[in-house]
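work14.pdb (PDB, C-alpha atoms, pLDDT in the B column)
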```pdb
ATOM      1  CA  GLY R   1     -58.043 -98.254  12.799  1.00 52.00           C
ATOM      2  CA  VAL R   2     -59.391 -98.017  16.331  1.00 56.00           C
ATOM      3  CA  PHE R   3     -57.520 -99.739  19.156  1.00 55.00           C
ATOM      4  CA  TRP R   4     -58.209 -99.929  22.833  1.00 58.00           C
ATOM      5  CA  LEU R   5     -56.622-100.399  26.237  1.00 58.00           C
ATOM      6  CA  GLU R   6     -59.010-102.285  28.480  1.00 55.00           C
ATOM      7  CA  THR R   7     -57.133-103.603  31.528  1.00 52.00           C
ATOM      8  CA  ASP R   8     -54.540-102.127  33.870  1.00 49.00           C
ATOM      9  CA  SER R   9     -51.091-101.965  32.260  1.00 45.00           C
ATOM     10  CA  ALA R  10     -52.457-103.756  29.187  1.00 49.00           C
ATOM     11  CA  ALA R  11     -50.720-103.252  25.885  1.00 51.00           C
ATOM     12  CA  PRO R  12     -53.105-102.066  23.163  1.00 52.00           C
ATOM     13  CA  ASN R  13     -54.423-104.510  20.586  1.00 52.00           C
ATOM     14  CA  ALA R  14     -51.819-103.223  18.133  1.00 54.00           C
ATOM     15  CA  THR R  15     -48.180-104.153  17.695  1.00 54.00           C
ATOM     16  CA  TYR R  16     -46.124-101.955  19.990  1.00 51.00           C
ATOM     17  CA  VAL R  17     -42.341-101.845  20.269  1.00 51.00           C
ATOM     18  CA  PRO R  18     -40.975-100.049  23.365  1.00 54.00           C
ATOM     19  CA  ALA R  19     -40.190 -96.541  22.184  1.00 50.00           C
ATOM     20  CA  LYS R  20     -37.041 -94.509  22.636  1.00 50.00           C
ATOM     21  CA  ILE R  21     -37.703 -90.803  22.972  1.00 49.00           C
ATOM     22  CA  ARG R  22     -35.100 -88.086  22.500  1.00 51.00           C
ATOM     23  CA  ASN R  23     -35.765 -84.344  22.656  1.00 50.00           C
ATOM     24  CA  GLY R  24     -39.489 -84.984  22.729  1.00 48.00           C
ATOM     25  CA  ALA R  25     -39.536 -87.170  19.606  1.00 51.00           C
ATOM     26  CA  ILE R  26     -39.645 -90.940  19.062  1.00 49.00           C
ATOM     27  CA  THR R  27     -36.342 -92.068  17.549  1.00 48.00           C
ATOM     28  CA  GLU R  28     -36.976 -95.798  17.652  1.00 52.00           C
ATOM     29  CA  GLY R  29     -39.896 -98.146  18.276  1.00 52.00           C
ATOM     30  CA  GLY R  30     -43.488 -97.148  18.947  1.00 55.00           C
ATOM     31  CA  PHE R  31     -46.639 -98.434  17.288  1.00 59.00           C
ATOM     32  CA  GLU R  32     -46.136-100.426  14.108  1.00 65.00           C
ATOM     33  CA  ASP R  33     -48.875 -99.739  11.551  1.00 69.00           C
ATOM     34  CA  PRO R  34     -50.206 -96.986  13.858  1.00 78.00           C
ATOM     35  CA  PRO R  35     -53.957 -96.897  14.524  1.00 86.00           C
ATOM     36  CA  TYR R  36     -55.946 -93.697  13.983  1.00 90.00           C
ATOM     37  CA  VAL R  37     -57.154 -93.537  17.571  1.00 92.00           C
ATOM     38  CA  ILE R  38     -56.566 -95.364  20.865  1.00 92.00           C
ATOM     39  CA  LEU R  39     -59.301 -95.738  23.480  1.00 93.00           C
ATOM     40  CA  ASP R  40     -58.017 -95.932  27.038  1.00 92.00           C
ATOM     41  CA  CYS R  41     -60.281 -97.697  29.527  1.00 88.00           C
ATOM     42  CA  ALA R  42     -57.375 -99.326  31.370  1.00 85.00           C
ATOM     43  CA  GLY R  43     -56.583 -96.942  34.213  1.00 87.00           C
ATOM     44  CA  HIS R  44     -53.831 -94.529  35.172  1.00 92.00           C
ATOM     45  CA  SER R  45     -50.905 -96.848  34.431  1.00 91.00           C
ATOM     46  CA  ALA R  46     -51.937 -97.289  30.787  1.00 91.00           C
ATOM     47  CA  LEU R  47     -52.369 -93.547  30.302  1.00 94.00           C
ATOM     48  CA  ILE R  48     -48.932 -92.909  31.771  1.00 94.00           C
ATOM     49  CA  GLU R  49     -47.341 -95.603  29.599  1.00 92.00           C
ATOM     50  CA  TYR R  50     -48.935 -94.934  26.218  1.00 92.00           C
ATOM     51  CA  ALA R  51     -50.537 -91.496  25.891  1.00 95.00           C
ATOM     52  CA  SER R  52     -47.486 -89.354  25.142  1.00 95.00           C
ATOM     53  CA  LYS R  53     -45.948 -91.978  22.861  1.00 91.00           C
ATOM     54  CA  ALA R  54     -49.135 -92.316  20.852  1.00 92.00           C
ATOM     55  CA  LEU R  55     -49.613 -88.555  20.536  1.00 95.00           C
ATOM     56  CA  LEU R  56     -46.037 -88.115  19.315  1.00 93.00           C
ATOM     57  CA  GLN R  57     -46.872 -90.499  16.473  1.00 91.00           C
ATOM     58  CA  GLY R  58     -49.953 -88.485  15.555  1.00 94.00           C
ATOM     59  CA  ILE R  59     -52.333 -91.055  17.062  1.00 93.00           C
ATOM     60  CA  HIS R  60     -55.420 -89.599  18.728  1.00 95.00           C
ATOM     61  CA  PHE R  61     -55.911 -90.737  22.328  1.00 96.00           C
ATOM     62  CA  ILE R  62     -59.275 -90.799  24.131  1.00 96.00           C
ATOM     63  CA  THR R  63     -59.231 -91.596  27.842  1.00 96.00           C
ATOM     64  CA  LEU R  64     -61.432 -92.135  30.879  1.00 94.00           C
ATOM     65  CA  SER R  65     -58.362 -92.130  33.159  1.00 93.00           C
ATOM     66  CA  SER R  66     -58.309 -88.383  33.773  1.00 95.00           C
ATOM     67  CA  GLY R  67     -57.262 -88.802  37.406  1.00 95.00           C
ATOM     68  CA  ALA R  68     -53.680 -89.447  36.292  1.00 96.00           C
ATOM     69  CA  LEU R  69     -53.540 -85.811  35.138  1.00 96.00           C
ATOM     70  CA  CYS R  70     -53.283 -84.712  38.772  1.00 96.00           C
ATOM     71  CA  ASP R  71     -49.557 -85.177  38.109  1.00 96.00           C
ATOM     72  CA  ASP R  72     -48.689 -81.793  36.593  1.00 96.00           C
ATOM     73  CA  LYS R  73     -45.512 -83.133  34.995  1.00 97.00           C
ATOM     74  CA  LEU R  74     -47.491 -85.823  33.150  1.00 97.00           C
ATOM     75  CA  SER R  75     -50.174 -83.353  32.134  1.00 97.00           C
ATOM     76  CA  ASN R  76     -47.598 -80.978  30.648  1.00 97.00           C
ATOM     77  CA  GLN R  77     -45.824 -83.852  28.904  1.00 97.00           C
ATOM     78  CA  ILE R  78     -49.052 -84.969  27.250  1.00 97.00           C
ATOM     79  CA  LYS R  79     -49.823 -81.414  26.117  1.00 97.00           C
ATOM     80  CA  THR R  80     -46.353 -81.050  24.611  1.00 97.00           C
ATOM     81  CA  SER R  81     -46.563 -84.445  22.896  1.00 96.00           C
ATOM     82  CA  SER R  82     -49.906 -83.531  21.356  1.00 97.00           C
ATOM     83  CA  GLU R  83     -48.514 -80.251  20.027  1.00 96.00           C
ATOM     84  CA  LYS R  84     -45.398 -81.893  18.586  1.00 95.00           C
ATOM     85  CA  GLY R  85     -46.944 -85.032  17.137  1.00 95.00           C
ATOM     86  CA  GLY R  86     -50.361 -83.765  16.130  1.00 95.00           C
ATOM     87  CA  GLY R  87     -52.396 -86.417  17.939  1.00 95.00           C
ATOM     88  CA  LYS R  88     -55.462 -85.120  19.775  1.00 96.00           C
ATOM     89  CA  PHE R  89     -55.765 -85.857  23.500  1.00 97.00           C
ATOM     90  CA  ILE R  90     -59.412 -86.130  24.526  1.00 97.00           C
ATOM     91  CA  VAL R  91     -60.849 -86.744  27.986  1.00 97.00           C
ATOM     92  CA  ALA R  92     -64.279 -88.377  27.737  1.00 95.00           C
ATOM     93  CA  PRO R  93     -66.772 -86.771  30.176  1.00 94.00           C
ATOM     94  CA  GLY R  94     -67.440 -90.101  31.854  1.00 91.00           C
ATOM     95  CA  ALA R  95     -70.317 -90.299  34.313  1.00 90.00           C
ATOM     96  CA  ILE R  96     -70.776 -86.583  34.931  1.00 94.00           C
ATOM     97  CA  GLY R  97     -72.736 -83.876  33.135  1.00 93.00           C
ATOM     98  CA  SER R  98     -73.067 -80.093  33.306  1.00 95.00           C
ATOM     99  CA  LEU R  99     -69.472 -79.600  32.148  1.00 96.00           C
ATOM    100  CA  ASP R 100     -70.706 -77.127  29.539  1.00 95.00           C
ATOM    101  CA  ILE R 101     -72.136 -74.916  32.287  1.00 96.00           C
ATOM    102  CA  LEU R 102     -68.921 -75.235  34.273  1.00 97.00           C
ATOM    103  CA  SER R 103     -66.797 -74.252  31.293  1.00 96.00           C
ATOM    104  CA  SER R 104     -69.016 -71.263  30.513  1.00 97.00           C
ATOM    105  CA  ALA R 105     -69.148 -70.131  34.145  1.00 97.00           C
ATOM    106  CA  LYS R 106     -65.339 -70.153  34.246  1.00 96.00           C
ATOM    107  CA  GLN R 107     -65.283 -67.334  31.703  1.00 96.00           C
ATOM    108  CA  GLY R 108     -67.110 -64.997  34.071  1.00 96.00           C
ATOM    109  CA  GLY R 109     -65.613 -66.167  37.351  1.00 97.00           C
ATOM    110  CA  ILE R 110     -66.355 -69.140  39.608  1.00 97.00           C
ATOM    111  CA  HIS R 111     -66.674 -68.888  43.377  1.00 97.00           C
ATOM    112  CA  GLU R 112     -66.870 -72.575  44.262  1.00 98.00           C
ATOM    113  CA  VAL R 113     -67.082 -76.050  42.722  1.00 98.00           C
ATOM    114  CA  LYS R 114     -68.173 -79.005  44.848  1.00 98.00           C
ATOM    115  CA  TYR R 115     -68.523 -82.624  43.771  1.00 98.00           C
ATOM    116  CA  THR R 116     -70.175 -85.350  45.832  1.00 98.00           C
ATOM    117  CA  GLY R 117     -69.900 -88.993  44.824  1.00 97.00           C
ATOM    118  CA  ARG R 118     -72.310 -91.386  46.494  1.00 96.00           C
ATOM    119  CA  LYS R 119     -72.214 -95.135  45.798  1.00 95.00           C
ATOM    120  CA  PRO R 120     -73.466 -98.342  47.437  1.00 95.00           C
ATOM    121  CA  PRO R 121     -70.799 -99.842  49.728  1.00 96.00           C
ATOM    122  CA  LYS R 122     -69.874-102.483  47.124  1.00 93.00           C
ATOM    123  CA  GLY R 123     -69.074 -99.681  44.704  1.00 92.00           C
ATOM    124  CA  TRP R 124     -66.130 -98.728  46.927  1.00 95.00           C
ATOM    125  CA  LEU R 125     -64.692-102.225  47.349  1.00 94.00           C
ATOM    126  CA  GLY R 126     -61.037-102.391  46.413  1.00 93.00           C
ATOM    127  CA  SER R 127     -60.532 -98.693  47.139  1.00 95.00           C
ATOM    128  CA  ARG R 128     -59.024 -96.683  49.975  1.00 97.00           C
ATOM    129  CA  ALA R 129     -62.510 -96.539  51.526  1.00 97.00           C
ATOM    130  CA  GLU R 130     -61.911-100.041  52.917  1.00 96.00           C
ATOM    131  CA  GLU R 131     -59.129 -98.607  55.095  1.00 96.00           C
ATOM    132  CA  ILE R 132     -61.363 -95.841  56.460  1.00 97.00           C
ATOM    133  CA  ILE R 133     -64.718 -97.524  57.114  1.00 97.00           C
ATOM    134  CA  ASP R 134     -66.208-101.014  57.301  1.00 97.00           C
ATOM    135  CA  LEU R 135     -67.996-101.286  53.973  1.00 96.00           C
ATOM    136  CA  ASN R 136     -69.665-104.529  54.985  1.00 94.00           C
ATOM    137  CA  ASN R 137     -71.097-103.053  58.167  1.00 95.00           C
ATOM    138  CA  LEU R 138     -71.656 -99.301  58.024  1.00 95.00           C
ATOM    139  CA  LYS R 139     -72.277 -97.635  61.376  1.00 93.00           C
ATOM    140  CA  ASN R 140     -74.851 -95.363  59.750  1.00 95.00           C
ATOM    141  CA  VAL R 141     -76.923 -95.493  56.591  1.00 96.00           C
ATOM    142  CA  SER R 142     -74.226 -93.442  54.894  1.00 97.00           C
ATOM    143  CA  GLU R 143     -70.640 -92.690  55.817  1.00 98.00           C
ATOM    144  CA  THR R 144     -68.185 -90.199  54.341  1.00 98.00           C
ATOM    145  CA  HIS R 145     -64.758 -91.696  53.735  1.00 98.00           C
ATOM    146  CA  PHE R 146     -63.131 -88.788  51.923  1.00 98.00           C
ATOM    147  CA  SER R 147     -63.394 -85.008  52.049  1.00 98.00           C
ATOM    148  CA  GLY R 148     -60.747 -82.882  50.429  1.00 98.00           C
ATOM    149  CA  THR R 149     -59.402 -81.627  47.106  1.00 98.00           C
ATOM    150  CA  ALA R 150     -59.834 -83.230  43.706  1.00 97.00           C
ATOM    151  CA  ARG R 151     -56.061 -83.696  43.498  1.00 97.00           C
ATOM    152  CA  ASP R 152     -56.011 -85.824  46.645  1.00 97.00           C
ATOM    153  CA  ALA R 153     -59.124 -87.727  45.541  1.00 97.00           C
ATOM    154  CA  ALA R 154     -57.532 -88.564  42.187  1.00 95.00           C
ATOM    155  CA  LYS R 155     -54.340 -89.788  43.874  1.00 95.00           C
ATOM    156  CA  LEU R 156     -56.038 -91.805  46.607  1.00 96.00           C
ATOM    157  CA  TYR R 157     -58.887 -93.259  44.509  1.00 95.00           C
ATOM    158  CA  PRO R 158     -57.352 -93.946  41.064  1.00 92.00           C
ATOM    159  CA  LYS R 159     -60.142 -96.347  40.032  1.00 88.00           C
ATOM    160  CA  ASN R 160     -63.079 -94.527  41.598  1.00 88.00           C
ATOM    161  CA  ALA R 161     -62.599 -90.786  41.282  1.00 89.00           C
ATOM    162  CA  ASN R 162     -61.662 -90.028  37.676  1.00 93.00           C
ATOM    163  CA  VAL R 163     -64.871 -88.040  37.374  1.00 94.00           C
ATOM    164  CA  THR R 164     -63.498 -85.537  39.913  1.00 95.00           C
ATOM    165  CA  ALA R 165     -60.478 -84.944  37.696  1.00 94.00           C
ATOM    166  CA  THR R 166     -62.658 -84.470  34.626  1.00 96.00           C
ATOM    167  CA  ILE R 167     -64.545 -81.748  36.495  1.00 97.00           C
ATOM    168  CA  THR R 168     -61.320 -79.913  37.326  1.00 97.00           C
ATOM    169  CA  LEU R 169     -60.308 -79.744  33.657  1.00 95.00           C
ATOM    170  CA  SER R 170     -63.423 -77.730  32.802  1.00 95.00           C
ATOM    171  CA  GLY R 171     -63.423 -75.687  35.984  1.00 96.00           C
ATOM    172  CA  VAL R 172     -61.100 -74.329  38.659  1.00 97.00           C
ATOM    173  CA  GLY R 173     -58.413 -76.996  38.766  1.00 97.00           C
ATOM    174  CA  PHE R 174     -57.405 -79.843  41.035  1.00 97.00           C
ATOM    175  CA  ASP R 175     -56.617 -77.831  44.149  1.00 97.00           C
ATOM    176  CA  LYS R 176     -59.725 -75.632  44.235  1.00 98.00           C
ATOM    177  CA  THR R 177     -62.327 -78.303  43.463  1.00 98.00           C
ATOM    178  CA  LYS R 178     -63.872 -79.710  46.656  1.00 98.00           C
ATOM    179  CA  VAL R 179     -64.715 -83.415  46.776  1.00 98.00           C
ATOM    180  CA  THR R 180     -66.757 -85.582  49.127  1.00 98.00           C
ATOM    181  CA  LEU R 181     -67.013 -89.359  48.686  1.00 98.00           C
ATOM    182  CA  ILE R 182     -69.732 -91.330  50.469  1.00 98.00           C
ATOM    183  CA  ALA R 183     -70.691 -94.971  50.942  1.00 98.00           C
ATOM    184  CA  ASP R 184     -74.492 -95.155  51.196  1.00 98.00           C
ATOM    185  CA  SER R 185     -76.376 -98.364  51.893  1.00 97.00           C
ATOM    186  CA  SER R 186     -79.710 -96.731  50.961  1.00 97.00           C
ATOM    187  CA  VAL R 187     -78.828 -96.316  47.283  1.00 96.00           C
ATOM    188  CA  THR R 188     -78.428 -98.853  44.490  1.00 94.00           C
ATOM    189  CA  THR R 189     -76.969 -96.543  41.849  1.00 94.00           C
ATOM    190  CA  ASN R 190     -73.851 -94.393  41.527  1.00 94.00           C
ATOM    191  CA  ILE R 191     -74.906 -90.828  42.271  1.00 96.00           C
ATOM    192  CA  HIS R 192     -72.815 -87.912  41.055  1.00 96.00           C
ATOM    193  CA  GLU R 193     -73.636 -84.374  42.205  1.00 97.00           C
ATOM    194  CA  LEU R 194     -71.938 -81.222  40.926  1.00 98.00           C
ATOM    195  CA  GLU R 195     -72.574 -77.839  42.536  1.00 98.00           C
ATOM    196  CA  ILE R 196     -71.250 -74.648  40.946  1.00 98.00           C
ATOM    197  CA  SER R 197     -71.510 -71.069  42.154  1.00 98.00           C
ATOM    198  CA  GLY R 198     -70.100 -68.024  40.424  1.00 98.00           C
ATOM    199  CA  LYS R 199     -70.880 -64.653  38.948  1.00 97.00           C
ATOM    200  CA  PHE R 200     -73.441 -66.348  36.690  1.00 97.00           C
ATOM    201  CA  GLY R 201     -75.463 -67.599  39.677  1.00 98.00           C
ATOM    202  CA  THR R 202     -75.675 -71.185  40.922  1.00 98.00           C
ATOM    203  CA  SER R 203     -76.099 -74.613  39.363  1.00 98.00           C
ATOM    204  CA  ARG R 204     -76.742 -78.040  40.824  1.00 97.00           C
ATOM    205  CA  PHE R 205     -76.519 -81.164  38.677  1.00 97.00           C
ATOM    206  CA  SER R 206     -77.221 -84.723  39.758  1.00 97.00           C
ATOM    207  CA  VAL R 207     -77.193 -88.015  37.905  1.00 96.00           C
ATOM    208  CA  SER R 208     -78.174 -91.408  39.296  1.00 96.00           C
ATOM    209  CA  GLY R 209     -76.383 -93.867  37.069  1.00 93.00           C
ATOM    210  CA  PHE R 210     -76.518 -97.624  36.852  1.00 93.00           C
ATOM    211  CA  PRO R 211     -73.148 -99.262  37.491  1.00 83.00           C
ATOM    212  CA  LEU R 212     -71.589-101.576  34.937  1.00 82.00           C
ATOM    213  CA  PRO R 213     -72.759-105.164  35.619  1.00 83.00           C
ATOM    214  CA  ASP R 214     -69.206-106.512  35.899  1.00 81.00           C
ATOM    215  CA  ASN R 215     -67.689-103.430  37.561  1.00 78.00           C
ATOM    216  CA  PRO R 216     -69.818-101.731  40.239  1.00 76.00           C
ATOM    217  CA  ARG R 217     -67.121 -99.088  40.739  1.00 76.00           C
ATOM    218  CA  SER R 218     -67.878 -97.566  37.337  1.00 79.00           C
ATOM    219  CA  SER R 219     -71.059 -96.146  35.823  1.00 84.00           C
ATOM    220  CA  ALA R 220     -72.471 -97.392  32.529  1.00 89.00           C
ATOM    221  CA  LEU R 221     -72.653 -93.754  31.392  1.00 93.00           C
ATOM    222  CA  ALA R 222     -68.844 -93.584  31.457  1.00 90.00           C
ATOM    223  CA  ALA R 223     -68.630 -96.304  28.811  1.00 89.00           C
ATOM    224  CA  MET R 224     -71.347 -94.597  26.774  1.00 93.00           C
ATOM    225  CA  SER R 225     -69.407 -91.328  26.886  1.00 95.00           C
ATOM    226  CA  MET R 226     -66.404 -93.084  25.373  1.00 93.00           C
ATOM    227  CA  VAL R 227     -68.541 -94.353  22.484  1.00 92.00           C
ATOM    228  CA  ALA R 228     -69.837 -90.803  21.948  1.00 94.00           C
ATOM    229  CA  GLU R 229     -66.299 -89.375  21.768  1.00 94.00           C
ATOM    230  CA  VAL R 230     -65.223 -92.034  19.280  1.00 92.00           C
ATOM    231  CA  LYS R 231     -68.171 -91.173  17.042  1.00 92.00           C
ATOM    232  CA  LYS R 232     -67.219 -87.498  17.189  1.00 93.00           C
ATOM    233  CA  ILE R 233     -63.618 -88.037  16.171  1.00 90.00           C
ATOM    234  CA  LEU R 234     -64.612 -90.499  13.438  1.00 88.00           C
ATOM    235  CA  GLU R 235     -67.447 -88.174  12.401  1.00 86.00           C
ATOM    236  CA  ILE R 236     -70.080 -90.860  12.802  1.00 75.00           C
ATOM    237  CA  SER R 237     -73.610 -89.740  13.629  1.00 54.00           C
TER     238      SER R 237
END
```

Same coordinates, now as C-alpha cells:
Amino acid sequence: GVFWLETDSAAPNATYVPAKIRNGAITEGGFEDPPYVILDCAGHSALIEYASKALLQGIHFITLSSGALCDDKLSNQIKTSSEKGGGKFIVAPGAIGSLDILSSAKQGGIHEVKYTGRKPPKGWLGSRAEEIIDLNNLKNVSETHFSGTARDAAKLYPKNANVTATITLSGVGFDKTKVTLIADSSVTTNIHELEISGKFGTSRFSVSGFPLPDNPRSSALAAMSMVAEVKKILEIS
C-alpha cells in the first residue's frame, strides 16, 4: 500500500501505535499492517516523528521535508534506521533541477554552490521574512530577507527552504552552500536559481514555477516530483 502524511504533525492514513525502540530496533508498536511506502508532504515534524520508525519496519519513506536533515543527529539516525530495517529513504527533488550536474561536478571538485530563491511577497507569508521586512509594503521592488548558509536557511524557514537542503545533499553540504532568499513584487512565480562552479566549469540553472493554488509557499513542481518518485519505487512508467 501507499500512505501519506499531508499536514504538520499528522499521523499517516494507516494504523500507527506509538513505537518503543531499543538498541535501534522496534520492540513494541509501530505501523500495523505496514504500508509499502509512506509519502511525507507534512513538514519537518512529521519527518522527525515517523521516518526512522517506518524505515526500521522496512517501509520506504519518500519526503519533501529535506530541511529537517540539517540536524546531523537526525540525519545519522535515519541513515542507521534505513540500514537496519531495509526501508529506503528518498528525498524527492522538489522544485529544483540540475541536481544531476551538481552530483557529477562533486566528483571532480566544486568551488562554489549558490542558490537564490525569489518569490512574490505572498509566497513568504507565515515565514521568518515577516519579521525582517514588510511583505505588504516593500520599500523596493525586491528585498532580500535572508543571506547565509543552507543550514541556517533550513532552520529558519522550515516551510519555505526545503529546496536548499535538497541541493546540499547532492553537493557540498549544509555549511558550504550559500543561500539568498528574496521577496520580489515584480514576479508572479516562484523562481529558483542554482549556480555551480567547479573544476568542470560553471553551470547556471533557473526555473520559474507556478505555486500551488492553495499554498503559494510551495511550487507545483514539488508535488509533481513526489509523484515521479512514487512511480520509480513502484516501477510504474

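Interatomic distance, CA of Asp175 (chain R) against CA of Asp71 (chain R): 11.8 Å.
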
(request) Could you tell me how far CA of Thr188 (chain R) lies from CA of Pro120 (chain R), in Å and to one decimal? (result) 5.8 Å

Report, as AutoDock Vina command-line options, the axis-aligned box around all atoms of region 91-100 of chain R present in the file, extended by 5 Å on each side; give centre and edge lengths in Å to one decimal place.
```
--center_x -67.0 --center_y -83.7 --center_z 31.3 --size_x 22.2 --size_y 23.2 --size_z 17.2
```

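Shortest separation to Ala68 (chain R) among R:Val37, R:Ile236, R:Val91, R:Val227 occurs at residue R:Val91, atoms counted being all atoms listed in the file.
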
Run the PyMOL selection byres ((chain R and resi 185) around 9) on the file and write out the hits as an mmCIF file with C-alpha atoms, keeping the file's coordinate frame.
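What landed in part.cif:
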```
data_model
loop_
_atom_site.group_PDB
_atom_site.id
_atom_site.type_symbol
_atom_site.label_atom_id
_atom_site.label_comp_id
_atom_site.auth_asym_id
_atom_site.auth_seq_id
_atom_site.Cartn_x
_atom_site.Cartn_y
_atom_site.Cartn_z
ATOM 1 C CA LYS R 119 -72.214 -95.135 45.798
ATOM 2 C CA PRO R 120 -73.466 -98.342 47.437
ATOM 3 C CA PRO R 121 -70.799 -99.842 49.728
ATOM 4 C CA LEU R 138 -71.656 -99.301 58.024
ATOM 5 C CA ASN R 140 -74.851 -95.363 59.750
ATOM 6 C CA VAL R 141 -76.923 -95.493 56.591
ATOM 7 C CA SER R 142 -74.226 -93.442 54.894
ATOM 8 C CA GLU R 143 -70.640 -92.690 55.817
ATOM 9 C CA ALA R 183 -70.691 -94.971 50.942
ATOM 10 C CA ASP R 184 -74.492 -95.155 51.196
ATOM 11 C CA SER R 186 -79.710 -96.731 50.961
ATOM 12 C CA VAL R 187 -78.828 -96.316 47.283
ATOM 13 C CA THR R 188 -78.428 -98.853 44.490
#
```

(message) Could you list, as a ChimeraX atom specification, every residue matched by the PyMOL selection byres ((chain R and resi 124-136) around 9) in this structure?
(response) /R:119-123,137-139,143-146,156-160,181-183,216-217

(request) Have a look at CA of Ile78 (chain R) and CA of Ser52 (chain R) and let me know their distance in Å, one decimal. (result) 5.1 Å

(message) When the PyMOL selection byres ((chain R and resi 153) around 9) is applied to the structure above, which residues does it catch, written out as a PyMOL selection string?
(response) chain R and resi 67+146-152+154-158+160-162+164-165+179-181

Got time to write the residues from that selection, C-alpha atoms, as an mmCIF file, in the frame of the given file?
```cif
data_model
loop_
_atom_site.group_PDB
_atom_site.id
_atom_site.type_symbol
_atom_site.label_atom_id
_atom_site.label_comp_id
_atom_site.auth_asym_id
_atom_site.auth_seq_id
_atom_site.Cartn_x
_atom_site.Cartn_y
_atom_site.Cartn_z
ATOM 1 C CA GLY R 67 -57.262 -88.802 37.406
ATOM 2 C CA PHE R 146 -63.131 -88.788 51.923
ATOM 3 C CA SER R 147 -63.394 -85.008 52.049
ATOM 4 C CA GLY R 148 -60.747 -82.882 50.429
ATOM 5 C CA THR R 149 -59.402 -81.627 47.106
ATOM 6 C CA ALA R 150 -59.834 -83.230 43.706
ATOM 7 C CA ARG R 151 -56.061 -83.696 43.498
ATOM 8 C CA ASP R 152 -56.011 -85.824 46.645
ATOM 9 C CA ALA R 154 -57.532 -88.564 42.187
ATOM 10 C CA LYS R 155 -54.340 -89.788 43.874
ATOM 11 C CA LEU R 156 -56.038 -91.805 46.607
ATOM 12 C CA TYR R 157 -58.887 -93.259 44.509
ATOM 13 C CA PRO R 158 -57.352 -93.946 41.064
ATOM 14 C CA ASN R 160 -63.079 -94.527 41.598
ATOM 15 C CA ALA R 161 -62.599 -90.786 41.282
ATOM 16 C CA ASN R 162 -61.662 -90.028 37.676
ATOM 17 C CA THR R 164 -63.498 -85.537 39.913
ATOM 18 C CA ALA R 165 -60.478 -84.944 37.696
ATOM 19 C CA VAL R 179 -64.715 -83.415 46.776
ATOM 20 C CA THR R 180 -66.757 -85.582 49.127
ATOM 21 C CA LEU R 181 -67.013 -89.359 48.686
#
```

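Proximity to Lys231 (chain R) at 12 Å, evaluated using all atoms listed in the file and with sequence-adjacent residues fewer than 3 positions away removed, yields Val2, Val37, Leu39, Ile62, Ala92, Met224, Ser225, Met226, Val227, Ala228, Leu234, Glu235, Ile236 and Ser237 of chain R.
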
Leaving out Thr63 (chain R) and any residue of its chain fewer than 5 positions from it, which residues lie within 10 Å of it when counting only C-alpha atoms, given as a PDB file with C-alpha atoms, in the coordinates of the input?
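Below is the file result10.pdb, written as the result:
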```pdb
ATOM      1  CA  TRP R   4     -58.209 -99.929  22.833  1.00 58.00           C
ATOM      2  CA  LEU R   5     -56.622-100.399  26.237  1.00 58.00           C
ATOM      3  CA  ILE R  38     -56.566 -95.364  20.865  1.00 92.00           C
ATOM      4  CA  LEU R  39     -59.301 -95.738  23.480  1.00 93.00           C
ATOM      5  CA  ASP R  40     -58.017 -95.932  27.038  1.00 92.00           C
ATOM      6  CA  CYS R  41     -60.281 -97.697  29.527  1.00 88.00           C
ATOM      7  CA  ALA R  42     -57.375 -99.326  31.370  1.00 85.00           C
ATOM      8  CA  GLY R  43     -56.583 -96.942  34.213  1.00 87.00           C
ATOM      9  CA  HIS R  44     -53.831 -94.529  35.172  1.00 92.00           C
ATOM     10  CA  ALA R  46     -51.937 -97.289  30.787  1.00 91.00           C
ATOM     11  CA  LEU R  47     -52.369 -93.547  30.302  1.00 94.00           C
ATOM     12  CA  ALA R  51     -50.537 -91.496  25.891  1.00 95.00           C
ATOM     13  CA  PHE R  89     -55.765 -85.857  23.500  1.00 97.00           C
ATOM     14  CA  ILE R  90     -59.412 -86.130  24.526  1.00 97.00           C
ATOM     15  CA  VAL R  91     -60.849 -86.744  27.986  1.00 97.00           C
ATOM     16  CA  ALA R  92     -64.279 -88.377  27.737  1.00 95.00           C
ATOM     17  CA  PRO R  93     -66.772 -86.771  30.176  1.00 94.00           C
ATOM     18  CA  GLY R  94     -67.440 -90.101  31.854  1.00 91.00           C
ATOM     19  CA  MET R 226     -66.404 -93.084  25.373  1.00 93.00           C
ATOM     20  CA  GLU R 229     -66.299 -89.375  21.768  1.00 94.00           C
TER      21      GLU R 229
END
```

(request) Kindly extract all protein, DNA and RNA residues lying within 6 Å of the coordinates (-64.5, -79.0, 45.0) given in the file, considering only C-alpha atoms, and supply them as a PyMOL selection string. (result) chain R and resi 113-115+176-179

Take the residues from that selection and put them in a file with C-alpha atoms, as a PDB file, in the frame of the given file.
```pdb
ATOM      1  CA  VAL R 113     -67.082 -76.050  42.722  1.00 98.00           C
ATOM      2  CA  LYS R 114     -68.173 -79.005  44.848  1.00 98.00           C
ATOM      3  CA  TYR R 115     -68.523 -82.624  43.771  1.00 98.00           C
ATOM      4  CA  LYS R 176     -59.725 -75.632  44.235  1.00 98.00           C
ATOM      5  CA  THR R 177     -62.327 -78.303  43.463  1.00 98.00           C
ATOM      6  CA  LYS R 178     -63.872 -79.710  46.656  1.00 98.00           C
ATOM      7  CA  VAL R 179     -64.715 -83.415  46.776  1.00 98.00           C
TER       8      VAL R 179
END
```

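Take the candidates R:Gly86, R:Ala222, R:Gln77, R:His60 and check each one against Ile48 (chain R) using all atoms listed in the file; the shortest distance goes to R:Gln77.
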
(request) Would you please work out which residue, of R:Ser218, R:Ser98, R:Asn190, R:Thr168, is nearest to Cys70 (chain R) when using all atoms listed in the file? (result) R:Thr168

(request) Give the answer as one residue: which of R:Ala95, R:Leu221, R:Val163, R:Ile233 has the shortest atom-to-atom distance to Ser65 (chain R), using all atoms listed in the file? (result) R:Val163

(message) So that I can see what lies close to region 171-173 of chain R, please list as an MDAnalysis selection string the residues with an atom at most 8 Å from it, counting all atoms listed in the file and leaving out residues fewer than 4 positions away in the same chain.
(response) chainID R and resid 102:103 106 110 113 167 177

(request) Select, from R:Leu169, R:Ala220, R:Leu212, R:Val207, the residue with the minimum atom-to-atom distance to Ser75 (chain R), counting all atoms listed in the file. (result) R:Leu169
